[in-house]
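Have a look at query.csv; it's CSV, N, CA and C atoms:
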```
chain,number,residue,atom,x,y,z
A,1,MET,N,0.4,-50.1,11.2
A,1,MET,CA,0.2,-48.7,11.1
A,1,MET,C,1.5,-48.0,11.2
A,2,ALA,N,1.6,-46.9,10.4
A,2,ALA,CA,2.9,-46.2,10.3
A,2,ALA,C,3.1,-45.4,11.6
A,3,ASP,N,4.3,-45.2,11.9
A,3,ASP,CA,4.7,-44.4,13.1
A,3,ASP,C,4.8,-43.0,12.8
A,4,THR,N,3.7,-42.3,12.6
A,4,THR,CA,3.7,-40.9,12.2
A,4,THR,C,3.8,-39.9,13.3
A,5,VAL,N,3.4,-40.3,14.5
A,5,VAL,CA,3.4,-39.5,15.7
A,5,VAL,C,4.8,-39.2,16.1
A,6,GLY,N,5.7,-40.2,16.0
A,6,GLY,CA,7.1,-40.0,16.4
A,6,GLY,C,7.8,-39.0,15.5
A,7,ARG,N,7.5,-39.1,14.2
A,7,ARG,CA,8.1,-38.2,13.2
A,7,ARG,C,7.6,-36.8,13.4
A,8,THR,N,6.4,-36.7,13.7
A,8,THR,CA,5.8,-35.3,13.9
A,8,THR,C,6.4,-34.6,15.1
A,9,VAL,N,6.6,-35.4,16.1
A,9,VAL,CA,7.2,-34.8,17.3
A,9,VAL,C,8.6,-34.4,17.0
A,10,VAL,N,9.4,-35.2,16.3
A,10,VAL,CA,10.8,-34.9,16.0
A,10,VAL,C,10.8,-33.6,15.1
A,11,ARG,N,9.9,-33.5,14.1
A,11,ARG,CA,9.9,-32.4,13.3
A,11,ARG,C,9.6,-31.1,14.0
A,12,ALA,N,8.6,-31.2,14.9
A,12,ALA,CA,8.2,-30.0,15.7
A,12,ALA,C,9.4,-29.6,16.6
A,13,ARG,N,10.1,-30.5,17.2
A,13,ARG,CA,11.3,-30.1,18.0
A,13,ARG,C,12.3,-29.5,17.2
A,14,ARG,N,12.6,-30.1,16.0
A,14,ARG,CA,13.6,-29.5,15.1
A,14,ARG,C,13.2,-28.1,14.7
A,15,ARG,N,12.0,-27.9,14.4
A,15,ARG,CA,11.5,-26.6,13.9
A,15,ARG,C,11.7,-25.6,15.0
A,16,ARG,N,11.3,-25.9,16.3
A,16,ARG,CA,11.5,-25.0,17.4
A,16,ARG,C,12.9,-24.7,17.6
A,17,ALA,N,13.8,-25.7,17.5
A,17,ALA,CA,15.2,-25.4,17.7
A,17,ALA,C,15.8,-24.5,16.6
A,18,LEU,N,15.3,-24.7,15.4
A,18,LEU,CA,15.8,-23.8,14.3
A,18,LEU,C,15.3,-22.4,14.5
A,19,ASP,N,14.0,-22.2,14.9
A,19,ASP,CA,13.4,-20.9,15.2
A,19,ASP,C,14.2,-20.2,16.3
A,20,ALA,N,14.7,-20.9,17.3
A,20,ALA,CA,15.4,-20.3,18.4
A,20,ALA,C,16.7,-19.7,17.9
A,21,PHE,N,17.3,-20.3,16.9
A,21,PHE,CA,18.6,-19.8,16.3
A,21,PHE,C,18.4,-18.8,15.2
A,22,GLY,N,17.2,-18.4,15.0
A,22,GLY,CA,17.0,-17.3,14.0
A,22,GLY,C,16.9,-17.7,12.6
A,23,SER,N,16.3,-18.9,12.3
A,23,SER,CA,16.1,-19.3,11.0
A,23,SER,C,15.0,-18.4,10.3
A,24,PRO,N,15.1,-18.2,9.0
A,24,PRO,CA,14.1,-17.4,8.4
A,24,PRO,C,12.7,-18.1,8.5
A,25,GLN,N,11.7,-17.3,8.8
A,25,GLN,CA,10.4,-17.8,8.9
A,25,GLN,C,9.6,-17.5,7.7
A,26,ALA,N,8.7,-18.4,7.3
A,26,ALA,CA,7.9,-18.1,6.2
A,26,ALA,C,7.0,-16.9,6.5
A,27,GLY,N,6.7,-16.1,5.5
A,27,GLY,CA,5.9,-15.0,5.6
A,27,GLY,C,6.4,-13.8,4.8
A,28,THR,N,5.7,-12.7,4.9
A,28,THR,CA,6.1,-11.6,4.2
A,28,THR,C,6.6,-10.5,5.1
A,29,ARG,N,7.4,-9.6,4.5
A,29,ARG,CA,7.9,-8.5,5.2
A,29,ARG,C,7.1,-7.2,4.8
A,30,HIS,N,7.0,-6.3,5.8
A,30,HIS,CA,6.3,-5.0,5.5
A,30,HIS,C,7.1,-4.3,4.4
A,31,PRO,N,6.4,-3.7,3.4
A,31,PRO,CA,7.1,-3.0,2.4
A,31,PRO,C,8.0,-1.9,2.8
A,32,LEU,N,7.7,-1.2,3.9
A,32,LEU,CA,8.6,-0.1,4.4
A,32,LEU,C,9.9,-0.7,5.0
A,33,VAL,N,9.7,-1.9,5.6
A,33,VAL,CA,10.9,-2.5,6.1
A,33,VAL,C,11.8,-3.0,5.0
A,34,ALA,N,11.2,-3.5,4.0
A,34,ALA,CA,12.0,-3.9,2.8
A,34,ALA,C,12.7,-2.8,2.1
A,35,ALA,N,12.0,-1.6,2.0
A,35,ALA,CA,12.6,-0.4,1.4
A,35,ALA,C,13.7,0.1,2.3
A,36,ALA,N,13.5,0.1,3.6
A,36,ALA,CA,14.6,0.5,4.5
A,36,ALA,C,15.8,-0.4,4.4
A,37,MET,N,15.6,-1.6,4.1
A,37,MET,CA,16.8,-2.5,3.9
A,37,MET,C,17.5,-2.3,2.6
A,38,VAL,N,16.8,-2.0,1.6
A,38,VAL,CA,17.3,-1.9,0.2
A,38,VAL,C,17.9,-0.6,-0.2
A,39,LEU,N,17.2,0.5,0.3
A,39,LEU,CA,17.6,1.8,-0.2
A,39,LEU,C,19.0,2.2,0.2
A,40,PRO,N,19.5,2.0,1.4
A,40,PRO,CA,20.9,2.3,1.6
A,40,PRO,C,21.9,1.7,0.7
A,41,LEU,N,21.7,0.4,0.4
A,41,LEU,CA,22.6,-0.3,-0.5
A,41,LEU,C,22.5,0.3,-1.9
A,42,ALA,N,21.2,0.6,-2.3
A,42,ALA,CA,21.0,1.1,-3.7
A,42,ALA,C,21.7,2.5,-3.8
A,43,VAL,N,21.6,3.3,-2.8
A,43,VAL,CA,22.3,4.6,-2.9
A,43,VAL,C,23.8,4.4,-2.9
A,44,LEU,N,24.3,3.5,-2.1
A,44,LEU,CA,25.8,3.3,-2.1
A,44,LEU,C,26.3,2.8,-3.5
A,45,LEU,N,25.5,1.9,-4.0
A,45,LEU,CA,26.0,1.3,-5.4
A,45,LEU,C,25.8,2.4,-6.5
A,46,SER,N,24.8,3.2,-6.4
A,46,SER,CA,24.7,4.2,-7.4
A,46,SER,C,25.8,5.3,-7.3
A,47,ILE,N,26.2,5.6,-6.1
A,47,ILE,CA,27.3,6.6,-6.0
A,47,ILE,C,28.6,5.9,-6.4
A,48,ALA,N,28.8,4.6,-6.0
A,48,ALA,CA,30.1,4.0,-6.3
A,48,ALA,C,30.3,3.7,-7.8
A,49,PHE,N,29.2,3.5,-8.5
A,49,PHE,CA,29.4,3.2,-9.9
A,49,PHE,C,28.9,4.3,-10.8
A,50,GLY,N,28.7,5.5,-10.3
A,50,GLY,CA,28.4,6.6,-11.1
A,50,GLY,C,27.0,6.7,-11.6
A,51,GLY,N,26.1,6.1,-11.0
A,51,GLY,CA,24.7,6.1,-11.5
A,51,GLY,C,23.9,7.2,-10.9
A,52,TRP,N,24.5,8.0,-10.0
A,52,TRP,CA,23.8,9.0,-9.3
A,52,TRP,C,23.2,10.1,-10.3
A,53,GLU,N,24.0,10.4,-11.3
A,53,GLU,CA,23.5,11.4,-12.3
A,53,GLU,C,22.3,10.9,-13.1
A,54,ALA,N,22.3,9.6,-13.4
A,54,ALA,CA,21.1,9.0,-14.1
A,54,ALA,C,19.9,9.1,-13.2
A,55,VAL,N,20.0,8.9,-11.9
A,55,VAL,CA,18.9,8.9,-11.0
A,55,VAL,C,18.4,10.4,-10.9
A,56,VAL,N,19.3,11.3,-10.8
A,56,VAL,CA,18.9,12.7,-10.8
A,56,VAL,C,18.2,13.1,-12.1
A,57,THR,N,18.7,12.7,-13.2
A,57,THR,CA,18.1,13.0,-14.5
A,57,THR,C,16.7,12.4,-14.6
A,58,GLN,N,16.5,11.2,-14.2
A,58,GLN,CA,15.2,10.5,-14.2
A,58,GLN,C,14.2,11.2,-13.3
A,59,ALA,N,14.7,11.6,-12.1
A,59,ALA,CA,13.8,12.2,-11.1
A,59,ALA,C,13.4,13.6,-11.7
A,60,SER,N,14.3,14.3,-12.3
A,60,SER,CA,13.9,15.6,-12.8
A,60,SER,C,13.0,15.5,-14.0
A,61,SER,N,13.1,14.5,-14.8
A,61,SER,CA,12.2,14.3,-15.9
A,61,SER,C,10.8,13.9,-15.4
A,62,VAL,N,10.8,13.1,-14.4
A,62,VAL,CA,9.5,12.7,-13.8
A,62,VAL,C,8.8,14.0,-13.2
A,63,ALA,N,9.6,14.8,-12.5
A,63,ALA,CA,9.0,16.0,-11.9
A,63,ALA,C,8.5,16.9,-13.0
A,64,GLY,N,9.2,17.0,-14.1
A,64,GLY,CA,8.8,17.8,-15.2
A,64,GLY,C,7.5,17.3,-15.8
A,65,MET,N,7.3,16.0,-15.9
A,65,MET,CA,6.1,15.5,-16.4
A,65,MET,C,4.9,15.7,-15.5
A,66,LEU,N,5.2,15.8,-14.2
A,66,LEU,CA,4.2,16.0,-13.2
A,66,LEU,C,3.8,17.5,-13.1
A,67,GLY,N,4.7,18.4,-13.8
A,67,GLY,CA,4.4,19.8,-13.8
A,67,GLY,C,5.0,20.5,-12.6
A,68,ARG,N,6.0,20.0,-12.0
A,68,ARG,CA,6.6,20.7,-10.9
A,68,ARG,C,8.0,21.3,-11.2
```
For this file, produce the structure as C-alpha cells.
Amino acid sequence: MADTVGRTVVRARRRRALDAFGSPQAGTRHPLVAAAMVLPLAVLLSIAFGGWEAVVTQASSVAGMLGR
C-alpha cells in the first residue's frame, strides 16, 4: 500500500509554513479592494503619459450622453 499519509502530512506542514510567510491564498478579492489598488496607479500613469486629457474628454462625452 502506498504511503500517502506521510506525504499528506508533509504537504499540510509546508502549506501552513507558506501561509505564515504571506504566500498568496487562493480566492477572490473584493471589487472595491481591487479598485483601491489599481486606481492610484492608473491615475499616476495617465498623468505621467499625458492621458489625462483623454480621460476628461471621455468622461465629458459620457456625461453628455447621460444628459448632464
| Rounded to one decimal in Å, what is the spacing between atom C of Ala54 in chain A and atom C of Ala42 in chain A? |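 Interatomic distance, atom C of Ala54 in chain A to atom C of Ala42 in chain A: 11.6 Å.
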| message | To one decimal place in Å, what is the distance between CA of Leu39 in chain A and CA of Ser61 in chain A? | response |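 Rounded to one decimal, the two atoms are 20.8 Å apart.
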| note | Atom pair CA of Val56 in chain A + CA of His30 in chain A, distance 27.2 Å
Reconstruct all heavy atoms of range 37-48 of chain A from the incomplete input and present them as a JSON list (two decimals), keeping the file's coordinate frame.
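Once written, part-v4.json looks like this:
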```
[["chain", "number", "residue", "atom", "x", "y", "z"],
["A", 37, "MET", "N", 15.60, -1.60, 4.10],
["A", 37, "MET", "CA", 16.80, -2.50, 3.90],
["A", 37, "MET", "C", 17.50, -2.30, 2.60],
["A", 37, "MET", "O", 18.72, -2.41, 2.50],
["A", 37, "MET", "CB", 16.31, -3.97, 4.02],
["A", 37, "MET", "CG", 15.84, -4.35, 5.39],
["A", 37, "MET", "SD", 15.02, -5.94, 5.43],
["A", 37, "MET", "CE", 16.32, -7.03, 4.94],
["A", 38, "VAL", "N", 16.80, -2.00, 1.60],
["A", 38, "VAL", "CA", 17.30, -1.90, 0.20],
["A", 38, "VAL", "C", 17.90, -0.60, -0.20],
["A", 38, "VAL", "O", 18.90, -0.48, -0.83],
["A", 38, "VAL", "CB", 16.25, -2.38, -0.82],
["A", 38, "VAL", "CG1", 16.69, -2.11, -2.24],
["A", 38, "VAL", "CG2", 15.92, -3.84, -0.64],
["A", 39, "LEU", "N", 17.20, 0.50, 0.30],
["A", 39, "LEU", "CA", 17.60, 1.80, -0.20],
["A", 39, "LEU", "C", 19.00, 2.20, 0.20],
["A", 39, "LEU", "O", 19.72, 2.80, -0.68],
["A", 39, "LEU", "CB", 16.61, 2.86, 0.35],
["A", 39, "LEU", "CG", 15.28, 2.87, -0.40],
["A", 39, "LEU", "CD1", 14.34, 3.88, 0.22],
["A", 39, "LEU", "CD2", 15.48, 3.17, -1.87],
["A", 40, "PRO", "N", 19.50, 2.00, 1.40],
["A", 40, "PRO", "CA", 20.90, 2.30, 1.60],
["A", 40, "PRO", "C", 21.90, 1.70, 0.70],
["A", 40, "PRO", "O", 22.88, 2.30, 0.21],
["A", 40, "PRO", "CB", 21.19, 1.91, 3.07],
["A", 40, "PRO", "CG", 19.84, 1.89, 3.69],
["A", 40, "PRO", "CD", 18.91, 1.47, 2.59],
["A", 41, "LEU", "N", 21.70, 0.40, 0.40],
["A", 41, "LEU", "CA", 22.60, -0.30, -0.50],
["A", 41, "LEU", "C", 22.50, 0.30, -1.90],
["A", 41, "LEU", "O", 23.45, 0.43, -2.65],
["A", 41, "LEU", "CB", 22.33, -1.78, -0.50],
["A", 41, "LEU", "CG", 23.19, -2.63, -1.43],
["A", 41, "LEU", "CD1", 24.66, -2.52, -1.03],
["A", 41, "LEU", "CD2", 22.74, -4.07, -1.41],
["A", 42, "ALA", "N", 21.20, 0.60, -2.30],
["A", 42, "ALA", "CA", 21.00, 1.10, -3.70],
["A", 42, "ALA", "C", 21.70, 2.50, -3.80],
["A", 42, "ALA", "O", 22.34, 2.75, -4.87],
["A", 42, "ALA", "CB", 19.53, 1.25, -3.94],
["A", 43, "VAL", "N", 21.60, 3.30, -2.80],
["A", 43, "VAL", "CA", 22.30, 4.60, -2.90],
["A", 43, "VAL", "C", 23.80, 4.40, -2.90],
["A", 43, "VAL", "O", 24.51, 5.08, -3.72],
["A", 43, "VAL", "CB", 21.88, 5.47, -1.66],
["A", 43, "VAL", "CG1", 22.75, 6.71, -1.54],
["A", 43, "VAL", "CG2", 20.42, 5.86, -1.76],
["A", 44, "LEU", "N", 24.30, 3.50, -2.10],
["A", 44, "LEU", "CA", 25.80, 3.30, -2.10],
["A", 44, "LEU", "C", 26.30, 2.80, -3.50],
["A", 44, "LEU", "O", 27.28, 3.27, -3.98],
["A", 44, "LEU", "CB", 26.12, 2.26, -1.02],
["A", 44, "LEU", "CG", 27.58, 1.86, -0.93],
["A", 44, "LEU", "CD1", 28.42, 3.02, -0.41],
["A", 44, "LEU", "CD2", 27.74, 0.65, -0.04],
["A", 45, "LEU", "N", 25.50, 1.90, -4.00],
["A", 45, "LEU", "CA", 26.00, 1.30, -5.40],
["A", 45, "LEU", "C", 25.80, 2.40, -6.50],
["A", 45, "LEU", "O", 26.67, 2.44, -7.36],
["A", 45, "LEU", "CB", 25.12, 0.10, -5.70],
["A", 45, "LEU", "CG", 25.43, -1.15, -4.88],
["A", 45, "LEU", "CD1", 24.46, -2.26, -5.24],
["A", 45, "LEU", "CD2", 26.86, -1.60, -5.09],
["A", 46, "SER", "N", 24.80, 3.20, -6.40],
["A", 46, "SER", "CA", 24.70, 4.20, -7.40],
["A", 46, "SER", "C", 25.80, 5.30, -7.30],
["A", 46, "SER", "O", 26.24, 5.77, -8.34],
["A", 46, "SER", "CB", 23.28, 4.89, -7.34],
["A", 46, "SER", "OG", 23.16, 5.64, -6.16],
["A", 47, "ILE", "N", 26.20, 5.60, -6.10],
["A", 47, "ILE", "CA", 27.30, 6.60, -6.00],
["A", 47, "ILE", "C", 28.60, 5.90, -6.40],
["A", 47, "ILE", "O", 29.42, 6.50, -7.08],
["A", 47, "ILE", "CB", 27.37, 7.05, -4.50],
["A", 47, "ILE", "CG1", 26.17, 7.94, -4.21],
["A", 47, "ILE", "CG2", 28.67, 7.81, -4.24],
["A", 47, "ILE", "CD1", 26.02, 8.31, -2.75],
["A", 48, "ALA", "N", 28.80, 4.60, -6.00],
["A", 48, "ALA", "CA", 30.10, 4.00, -6.30],
["A", 48, "ALA", "C", 30.30, 3.70, -7.80],
["A", 48, "ALA", "O", 31.41, 3.82, -8.25],
["A", 48, "ALA", "CB", 30.13, 2.63, -5.53]]
```
